[in-house]
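So this block is upload.cif, mmCIF, C-alpha atoms:
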```cif
data_target
#
loop_
_atom_site.label_atom_id
_atom_site.label_comp_id
_atom_site.auth_asym_id
_atom_site.auth_seq_id
_atom_site.Cartn_x
_atom_site.Cartn_y
_atom_site.Cartn_z
CA LEU A 1 -17.75 4.19 -7.09
CA LEU A 2 -20.18 2.83 -9.65
CA VAL A 3 -23.83 2.72 -8.60
CA GLY A 4 -26.46 0.97 -10.70
CA ARG A 5 -30.05 2.21 -10.62
CA CYS A 6 -32.68 -0.46 -11.13
CA CYS A 7 -36.31 -0.90 -10.16
CA SER A 8 -35.85 -4.62 -9.54
CA PRO A 9 -33.78 -6.00 -6.65
CA CYS A 10 -31.05 -7.19 -9.04
CA PHE A 11 -28.40 -5.25 -10.93
CA SER A 12 -28.83 -4.51 -14.61
CA THR A 13 -26.64 -6.42 -17.08
CA GLU A 14 -24.69 -3.25 -17.87
CA THR A 15 -23.95 -2.56 -14.22
CA VAL A 16 -22.82 -6.13 -13.63
CA ASP A 17 -20.44 -5.88 -16.62
CA VAL A 18 -18.89 -2.69 -15.23
CA VAL A 19 -18.44 -4.37 -11.85
CA LEU A 20 -16.76 -7.32 -13.59
CA VAL A 21 -14.37 -4.93 -15.34
CA ASP A 22 -13.57 -3.31 -12.01
CA GLU A 23 -12.92 -6.73 -10.46
CA ALA A 24 -10.71 -7.74 -13.40
CA VAL A 25 -8.66 -4.56 -12.98
CA ARG A 26 -8.33 -5.03 -9.23
CA SER A 27 -7.28 -8.66 -9.63
CA LEU A 28 -4.03 -7.66 -11.35
CA PRO A 29 -0.91 -7.77 -9.17
CA VAL A 30 -0.17 -4.02 -9.26
CA LEU A 31 0.56 -3.26 -5.62
CA ASP A 32 -1.29 -6.47 -4.79
CA VAL A 33 0.67 -7.87 -1.86
CA THR A 34 -2.22 -9.94 -0.52
CA ALA A 35 -0.60 -13.11 -1.80
CA ALA A 36 2.51 -12.28 0.18
CA SER A 37 1.01 -10.43 3.13
CA PRO A 38 1.14 -11.73 6.70
CA GLU A 39 -2.66 -11.64 6.86
CA ALA A 40 -2.94 -14.09 3.97
CA ASN A 41 -0.11 -16.56 4.56
CA VAL A 42 1.02 -16.49 8.15
CA HIS A 43 -0.21 -15.85 11.63
CA GLY A 44 0.41 -12.30 12.76
CA ASP A 45 0.09 -10.04 15.75
CA VAL A 46 -0.27 -6.31 16.27
CA ASN A 47 2.49 -4.32 17.87
CA GLU A 48 2.23 -1.00 19.70
CA GLY A 49 2.27 0.92 16.43
CA ASN A 50 -0.74 -1.05 15.15
CA LEU A 51 1.33 -2.58 12.36
CA ILE A 52 0.59 -6.21 11.61
CA ARG A 53 3.81 -8.15 12.16
CA SER A 54 4.19 -11.69 10.94
CA THR A 55 5.17 -14.22 13.57
CA SER A 56 6.34 -16.72 10.94
CA PRO A 57 7.43 -14.70 7.90
CA SER A 58 6.99 -16.15 4.44
CA SER A 59 10.06 -16.51 2.25
CA CYS A 60 8.33 -14.88 -0.74
CA THR A 61 7.46 -11.46 0.65
CA GLY A 62 10.64 -9.53 -0.06
CA ALA A 63 12.07 -7.46 -2.88
CA HIS A 64 13.11 -10.55 -4.87
CA HIS A 65 9.50 -11.76 -5.01
CA PHE A 66 8.22 -8.39 -6.21
CA ARG A 67 11.01 -8.15 -8.80
CA LYS A 68 9.88 -11.45 -10.32
CA GLN A 69 6.27 -10.29 -10.13
CA PHE A 70 7.05 -7.11 -12.06
CA HIS A 71 8.83 -8.90 -14.91
CA ALA A 72 6.06 -11.50 -15.14
CA PHE A 73 3.47 -8.73 -15.27
CA ILE A 74 5.05 -6.71 -18.09
CA CYS A 75 6.44 -9.58 -20.17
CA ASP A 76 3.66 -9.40 -22.78
CA VAL A 77 3.24 -5.62 -22.94
CA SER A 78 6.69 -4.07 -22.46
CA GLU A 79 10.38 -4.92 -22.67
CA GLY A 80 11.46 -2.44 -20.02
CA ASP A 81 9.65 0.16 -17.96
CA LEU A 82 5.89 0.17 -17.66
CA THR A 83 4.26 3.11 -19.48
CA PRO A 84 0.65 4.29 -19.07
CA GLU A 85 -0.13 2.93 -22.54
CA ALA A 86 1.33 -0.49 -21.74
CA LEU A 87 -0.50 -0.66 -18.42
CA ALA A 88 -3.78 0.37 -20.05
CA SER A 89 -3.27 -2.34 -22.65
CA LYS A 90 -2.65 -4.94 -19.94
CA LEU A 91 -5.71 -3.91 -17.92
CA ALA A 92 -7.92 -3.86 -21.01
CA LYS A 93 -6.74 -7.32 -22.10
CA GLU A 94 -7.47 -8.79 -18.69
CA ALA A 95 -10.90 -7.15 -18.54
CA MET A 96 -11.84 -8.35 -22.03
CA HIS A 97 -10.63 -11.84 -21.18
CA SER A 98 -12.87 -11.81 -18.11
CA LEU A 99 -15.92 -10.55 -20.06
CA CYS A 100 -15.23 -12.42 -23.34
CA ARG A 101 -16.04 -9.30 -25.36
CA ALA A 102 -14.79 -5.81 -26.25
CA LEU A 103 -15.03 -3.08 -23.63
CA LEU A 104 -17.80 -0.50 -23.66
CA PRO A 105 -16.87 3.23 -23.57
CA ARG A 106 -17.64 3.54 -19.86
CA GLU A 107 -15.53 0.45 -19.16
CA GLN A 108 -12.66 1.96 -21.13
CA ARG A 109 -12.97 5.07 -18.95
CA LEU A 110 -12.76 2.86 -15.87
CA VAL A 111 -9.53 1.33 -17.17
CA ALA A 112 -8.13 4.81 -17.89
CA ALA A 113 -9.04 5.96 -14.37
CA SER A 114 -7.35 2.88 -12.91
CA VAL A 115 -4.16 3.61 -14.86
CA THR A 116 -4.16 7.20 -13.61
CA GLN A 117 -4.58 6.08 -10.00
CA ILE A 118 -1.88 3.43 -10.24
CA PHE A 119 0.64 5.90 -11.67
CA GLU A 120 -0.35 8.43 -9.01
CA ASP A 121 0.50 5.85 -6.32
CA VAL A 122 3.50 4.07 -7.84
CA ASP A 123 5.30 6.68 -9.98
CA VAL A 124 6.41 8.71 -6.97
CA ASP A 125 9.00 10.81 -8.84
CA LYS A 126 6.47 11.60 -11.62
CA LYS A 127 8.63 10.56 -14.56
CA GLY A 128 5.71 9.07 -16.48
CA LYS A 129 6.81 5.44 -16.28
CA ILE A 130 7.15 2.70 -13.68
CA ASN A 131 10.35 0.71 -13.42
CA VAL A 132 11.05 -2.35 -11.33
CA ASP A 133 12.37 -0.30 -8.40
CA ASP A 134 9.20 1.83 -8.32
CA TRP A 135 7.15 -1.37 -8.27
CA ILE A 136 9.20 -2.95 -5.45
CA HIS A 137 9.23 0.31 -3.47
CA SER A 138 5.44 0.67 -3.57
CA ALA A 139 4.79 -3.01 -2.86
CA LEU A 140 7.12 -3.02 0.16
CA LEU A 141 5.55 0.18 1.50
CA HIS A 142 2.15 -1.50 1.50
CA MET A 143 3.30 -4.65 3.29
CA TYR A 144 3.69 -3.29 6.81
CA THR A 145 2.46 0.24 6.29
CA PRO A 146 1.79 2.56 9.24
CA GLY A 147 -1.07 4.03 7.20
CA PRO A 148 -1.83 6.00 4.03
CA ALA A 149 -0.65 9.27 5.58
CA ALA A 150 2.87 7.89 6.12
CA VAL A 151 2.98 6.37 2.62
CA SER A 152 1.85 9.72 1.18
CA ALA A 153 4.48 11.60 3.22
CA ILE A 154 7.21 9.27 1.93
CA GLY A 155 6.05 9.83 -1.65
CA HIS A 156 5.99 13.61 -1.22
CA ARG A 157 9.48 13.62 0.27
CA VAL A 158 10.88 11.54 -2.60
CA HIS A 159 9.26 13.96 -5.05
CA GLU A 160 10.58 17.01 -3.14
CA LEU A 161 14.16 15.74 -3.07
CA ASP A 162 14.03 15.22 -6.85
CA THR A 163 17.23 13.17 -6.69
CA ALA A 164 17.93 10.75 -9.52
CA GLY A 165 17.98 7.15 -8.34
CA ILE A 166 16.62 7.84 -4.86
CA VAL A 167 14.02 5.06 -5.03
CA GLN A 168 16.57 2.70 -6.53
CA GLY A 169 18.95 3.53 -3.67
CA LEU A 170 16.29 2.88 -1.03
CA VAL A 171 15.37 -0.48 -2.56
CA LYS A 172 19.01 -1.54 -3.05
CA THR A 173 19.93 -0.67 0.54
CA TRP A 174 16.87 -2.46 1.87
CA GLU A 175 17.73 -5.60 -0.12
CA SER A 176 21.17 -5.59 1.50
CA VAL A 177 19.52 -5.33 4.93
CA ASP A 178 16.59 -7.73 4.48
CA LEU A 179 18.73 -10.66 3.42
CA ASN A 180 16.03 -13.26 4.09
CA GLY A 181 13.42 -11.38 2.09
CA HIS A 182 10.86 -11.44 4.89
CA GLY A 183 9.89 -7.78 4.62
CA LEU A 184 10.93 -7.19 8.24
CA VAL A 185 14.37 -6.90 9.80
CA SER A 186 14.73 -7.99 13.41
CA ARG A 187 16.21 -5.78 16.09
CA GLU A 188 19.12 -8.24 16.47
CA ALA A 189 19.94 -7.85 12.77
CA VAL A 190 19.87 -4.06 13.07
CA GLU A 191 22.22 -4.27 16.06
CA GLN A 192 24.67 -6.32 14.00
CA LEU A 193 24.46 -3.81 11.16
CA ALA A 194 25.01 -0.92 13.60
CA SER A 195 28.17 -2.56 14.95
CA ALA A 196 29.63 -2.64 11.44
CA ASP A 197 28.10 0.51 9.93
CA PRO A 198 27.62 3.71 12.01
CA HIS A 199 24.82 4.66 9.62
CA PHE A 200 22.54 2.12 11.30
CA VAL A 201 23.21 3.40 14.81
CA THR A 202 20.55 6.08 14.35
CA VAL A 203 18.18 3.44 12.98
CA LEU A 204 18.71 1.42 16.14
CA GLU A 205 18.08 4.53 18.24
CA ALA A 206 14.80 5.07 16.39
CA LEU A 207 13.75 1.50 17.17
CA ASP A 208 14.54 2.13 20.82
CA ALA A 209 12.50 5.34 20.83
CA GLU A 210 9.49 3.53 19.35
CA SER A 211 9.95 0.39 21.48
CA SER A 212 9.90 -1.64 18.28
CA GLN A 213 11.41 -5.10 17.94
CA ASP A 214 11.74 -5.05 14.15
CA LEU A 215 12.13 -2.70 11.22
CA SER A 216 9.77 -2.50 8.24
CA TYR A 217 10.56 -0.96 4.87
CA SER A 218 8.24 1.98 5.49
CA GLU A 219 9.99 2.71 8.80
CA PHE A 220 13.34 2.37 7.04
CA CYS A 221 12.23 4.93 4.42
CA VAL A 222 11.01 7.31 7.12
CA HIS A 223 14.47 7.25 8.69
CA GLU A 224 16.40 7.45 5.40
CA LEU A 225 14.33 10.41 4.18
CA CYS A 226 14.72 12.26 7.52
CA LEU A 227 11.00 12.17 8.29
CA GLN A 228 9.57 11.93 11.79
CA TYR A 229 6.40 10.43 13.19
CA THR A 230 4.21 12.93 15.02
CA PRO A 231 1.77 11.72 17.68
CA VAL A 232 -1.84 12.51 16.80
CA PHE A 233 -4.49 12.76 19.51
CA LEU A 234 -8.15 12.36 18.60
CA HIS A 235 -10.57 13.96 21.05
CA LEU A 236 -14.20 12.82 20.96
CA TYR A 237 -17.04 15.03 22.15
CA ASP A 238 -20.66 14.14 22.71
CA MET A 239 -22.55 16.66 20.57
CA SER A 240 -25.84 15.73 22.24
CA LYS A 241 -24.49 16.68 25.68
CA SER A 242 -25.54 13.32 27.15
CA LEU A 243 -29.06 13.47 25.69
CA ALA A 244 -28.31 10.66 23.24
CA GLN A 245 -28.18 8.03 25.96
CA TYR A 246 -31.73 8.92 26.98
CA LEU A 247 -33.28 9.56 23.55
CA SER A 248 -31.55 6.88 21.49
CA PRO A 249 -33.78 3.98 22.69
CA LEU A 250 -36.84 5.96 21.57
CA VAL A 251 -35.41 7.24 18.25
CA LEU A 252 -33.08 4.39 17.22
CA GLY A 253 -34.51 1.48 19.14
CA GLN A 254 -31.16 0.84 20.83
CA GLN A 255 -28.98 2.39 23.50
CA GLU A 256 -26.22 4.76 22.36
CA ASP A 257 -23.85 6.49 24.75
CA GLY A 258 -23.49 9.67 22.72
CA LEU A 259 -23.42 11.47 19.38
CA TRP A 260 -19.69 11.76 18.73
#
```
Would it be possible to restate this file's structure as structure tokens?
Amino acid sequence: LLVGRCCSPCFSTETVDVVLVDEAVRSLPVLDVTAASPEANVHGDVNEGNLIRSTSPSSCTGAHHFRKQFHAFICDVSEGDLTPEALASKLAKEAMHSLCRALLPREQRLVAASVTQIFEDVDVDKKGKINVDDWIHSALLHMYTPGPAAVSAIGHRVHELDTAGIVQGLVKTWESVDLNGHGLVSREAVEQLASADPHFVTVLEALDAESSQDLSYSEFCVHELCLQYTPVFLHLYDMSKSLAQYLSPLVLGQQEDGLW
């Protein structure tokens, strides 16, 4: 978080430049599925698990789309996997193009911090480089994610297993399941897969247990990595012991039911 300090109501020129660098970095398509997300392109609804499900899936939201995106992204900085140096070069080029000048030292530090965060999120097996399967895996996880805790748990499990090609195997299997590239597999499709492959019988049972009508990539990974969802109950308590509802109009100028 970058905060500018200024006596006038406006930002200083230096602060605005840093914000522009941050915006240039964030505009790059690393894990950016907004262009292919159900919120951006299609009408969606919310199921019982609070995952946004598209009611009219786009044809460009699957692994094939993200594979093309990865190769387009690295074409001018790398011929294969994406290294921290290549990513830093790409981010710096985009930022300088946006600002029409060289980056200041603090802006270079922002780029370096962005590279570190991206590799922390995408390079789940900590090999120091991002390949196309890592890119697809992370992008698909963020499409219909049950939340950052589940994404983090999937990443930790992949790292714990320390099995060569585990991410590649997950992506390859998912591509064979999500034939339409919608990012979701319907219950009917899972039933057909289960009739031909006993491996998907347990996946179907998991859908039944969660009363879900479709399967997302994150849910697929949870099953494949032998993880389980655990219900979490949040209990709220009024710390004011009901005094807030009487004192809030006097202190805050509006009615509040409690101090939770």
Point to revise | Distance query 6 Å from (-19.3, 12.7, 22.7) using only C-alpha atoms, result as a PyMOL selection string | key: chain A and resi 236-239+258-260
Excluding region 196-204 of chain A and any residue of its chain fewer than 6 positions from it, enumerate the residues within 8 Å of it, using all atoms listed in the file, and give them as a PDB file with C-alpha atoms, keeping the file's coordinate frame.
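Output saved as out-v7.pdb:
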```
ATOM      1  CA  ARG A 187      16.210  -5.780  16.090  1.00  0.00           C
ATOM      2  CA  VAL A 190      19.870  -4.060  13.070  1.00  0.00           C
ATOM      3  CA  PHE A 220      13.340   2.370   7.040  1.00  0.00           C
ATOM      4  CA  HIS A 223      14.470   7.250   8.690  1.00  0.00           C
TER       5      HIS A 223
END
```
Taking every listed atom of region 156-160 of chain A and adding 3 Å to each side, what centre and edge lengths in Å (one decimal) does the axis-aligned box have, as AutoDock Vina command-line options?
```
--center_x 8.4 --center_y 14.3 --center_z -2.4 --size_x 10.9 --size_y 11.5 --size_z 11.3
```
Review point. When distances are computed from only C-alpha atoms, which of A:Gly155, A:Leu225, A:Val185, A:Ser89 shows the smallest separation from Gly169 (chain A)?
Key: A:Leu225
Practice item. Decode the PyMOL selection byres ((chain A and resi 85) around 12) for the given file into explicit residues and return them as a VMD selection string. Key: chain A and resid 74 77 to 78 81 to 84 86 to 92 111 to 112 115 to 116 119 128 to 130
Dump of C-alpha atoms for the selected residues, as a PDB file, in the frame of the given file:
```
ATOM      1  CA  ILE A  74       5.050  -6.710 -18.090  1.00  0.00           C
ATOM      2  CA  VAL A  77       3.240  -5.620 -22.940  1.00  0.00           C
ATOM      3  CA  SER A  78       6.690  -4.070 -22.460  1.00  0.00           C
ATOM      4  CA  ASP A  81       9.650   0.160 -17.960  1.00  0.00           C
ATOM      5  CA  LEU A  82       5.890   0.170 -17.660  1.00  0.00           C
ATOM      6  CA  THR A  83       4.260   3.110 -19.480  1.00  0.00           C
ATOM      7  CA  PRO A  84       0.650   4.290 -19.070  1.00  0.00           C
ATOM      8  CA  ALA A  86       1.330  -0.490 -21.740  1.00  0.00           C
ATOM      9  CA  LEU A  87      -0.500  -0.660 -18.420  1.00  0.00           C
ATOM     10  CA  ALA A  88      -3.780   0.370 -20.050  1.00  0.00           C
ATOM     11  CA  SER A  89      -3.270  -2.340 -22.650  1.00  0.00           C
ATOM     12  CA  LYS A  90      -2.650  -4.940 -19.940  1.00  0.00           C
ATOM     13  CA  LEU A  91      -5.710  -3.910 -17.920  1.00  0.00           C
ATOM     14  CA  ALA A  92      -7.920  -3.860 -21.010  1.00  0.00           C
ATOM     15  CA  VAL A 111      -9.530   1.330 -17.170  1.00  0.00           C
ATOM     16  CA  ALA A 112      -8.130   4.810 -17.890  1.00  0.00           C
ATOM     17  CA  VAL A 115      -4.160   3.610 -14.860  1.00  0.00           C
ATOM     18  CA  THR A 116      -4.160   7.200 -13.610  1.00  0.00           C
ATOM     19  CA  PHE A 119       0.640   5.900 -11.670  1.00  0.00           C
ATOM     20  CA  GLY A 128       5.710   9.070 -16.480  1.00  0.00           C
ATOM     21  CA  LYS A 129       6.810   5.440 -16.280  1.00  0.00           C
ATOM     22  CA  ILE A 130       7.150   2.700 -13.680  1.00  0.00           C
TER      23      ILE A 130
END
```
Point to revise | CA of Val222 (chain A) to CA of Glu188 (chain A), straight-line distance in Å | key: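 A separation of 19.9 Å between them.
From CA of Asp134 (chain A) back to CA of Leu170 (chain A), the distance works out to 10.2 Å.
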Exercise for review: Considering all atoms listed in the file, state which residue in the set A:Leu104, A:Leu141, A:Ala189, A:Leu99 is at the smallest distance from Ser216 (chain A).
Suggested key: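 Among A:Leu104, A:Leu141, A:Ala189, A:Leu99, it is A:Leu141 that comes nearest to Ser216 (chain A).
If you look at CA of Tyr144 (chain A) and CA of Trp174 (chain A), they are 14.1 Å away from each other.
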Review point. Near Gln245 (chain A), within 10 Å and counting only C-alpha atoms, which residues show up once chain neighbours fewer than 5 positions away are dropped, as an MDAnalysis selection string?
Key: chainID A and resid 240 250 254:259
Exercise for review: Output the residue selection produced by the PyMOL selection byres ((chain A and resi 64-71) around 8) on the file above, formatted as an NGL selection string.
Suggested key: :A and (29 or 60-63 or 72-75 or 132-133 or 135-136 or 139 or 181)
Can you write just those residues out, C-alpha atoms, as a PDB file, in the coordinates of the input?
```pdb
ATOM      1  CA  PRO A  29      -0.910  -7.770  -9.170  1.00  0.00           C
ATOM      2  CA  CYS A  60       8.330 -14.880  -0.740  1.00  0.00           C
ATOM      3  CA  THR A  61       7.460 -11.460   0.650  1.00  0.00           C
ATOM      4  CA  GLY A  62      10.640  -9.530  -0.060  1.00  0.00           C
ATOM      5  CA  ALA A  63      12.070  -7.460  -2.880  1.00  0.00           C
ATOM      6  CA  ALA A  72       6.060 -11.500 -15.140  1.00  0.00           C
ATOM      7  CA  PHE A  73       3.470  -8.730 -15.270  1.00  0.00           C
ATOM      8  CA  ILE A  74       5.050  -6.710 -18.090  1.00  0.00           C
ATOM      9  CA  CYS A  75       6.440  -9.580 -20.170  1.00  0.00           C
ATOM     10  CA  VAL A 132      11.050  -2.350 -11.330  1.00  0.00           C
ATOM     11  CA  ASP A 133      12.370  -0.300  -8.400  1.00  0.00           C
ATOM     12  CA  TRP A 135       7.150  -1.370  -8.270  1.00  0.00           C
ATOM     13  CA  ILE A 136       9.200  -2.950  -5.450  1.00  0.00           C
ATOM     14  CA  ALA A 139       4.790  -3.010  -2.860  1.00  0.00           C
ATOM     15  CA  GLY A 181      13.420 -11.380   2.090  1.00  0.00           C
TER      16      GLY A 181
END
```
**Study point:** Selection near Cys226 (chain A), 12 Å with only C-alpha atoms, sequence-local residues under 5 positions removed, as a ChimeraX atom specification
**Key:** /A:153-154,157-158,161,202-203,206,219-221
Saved selection, atoms kept: C-alpha atoms, as a PDB file, in the coordinates of the input:
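For reference, selection11.pdb as written:
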```
ATOM      1  CA  ALA A 153       4.480  11.600   3.220  1.00  0.00           C
ATOM      2  CA  ILE A 154       7.210   9.270   1.930  1.00  0.00           C
ATOM      3  CA  ARG A 157       9.480  13.620   0.270  1.00  0.00           C
ATOM      4  CA  VAL A 158      10.880  11.540  -2.600  1.00  0.00           C
ATOM      5  CA  LEU A 161      14.160  15.740  -3.070  1.00  0.00           C
ATOM      6  CA  THR A 202      20.550   6.080  14.350  1.00  0.00           C
ATOM      7  CA  VAL A 203      18.180   3.440  12.980  1.00  0.00           C
ATOM      8  CA  ALA A 206      14.800   5.070  16.390  1.00  0.00           C
ATOM      9  CA  GLU A 219       9.990   2.710   8.800  1.00  0.00           C
ATOM     10  CA  PHE A 220      13.340   2.370   7.040  1.00  0.00           C
ATOM     11  CA  CYS A 221      12.230   4.930   4.420  1.00  0.00           C
TER      12      CYS A 221
END
```
Review point. Looking at A:Val151, A:Leu179, A:Ile166, A:Ala194, which one is nearest to Asp121 (chain A), with distances taken over only C-alpha atoms?
Key: A:Val151
Exercise for review: Check the smallest atom-to-atom distance from each of A:Ala102, A:Leu227, A:Ser138, A:Ala95 to Asp125 (chain A) using all atoms listed in the file, then report the winner.
Suggested key: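 Once distances to Asp125 (chain A) are computed over all atoms listed in the file, the minimum belongs to A:Ser138.
Minimum atom-to-atom distance to Glu224 (chain A), evaluated using only C-alpha atoms, belongs to A:Val167 out of A:Val167, A:Ala149, A:Leu252, A:Leu110.
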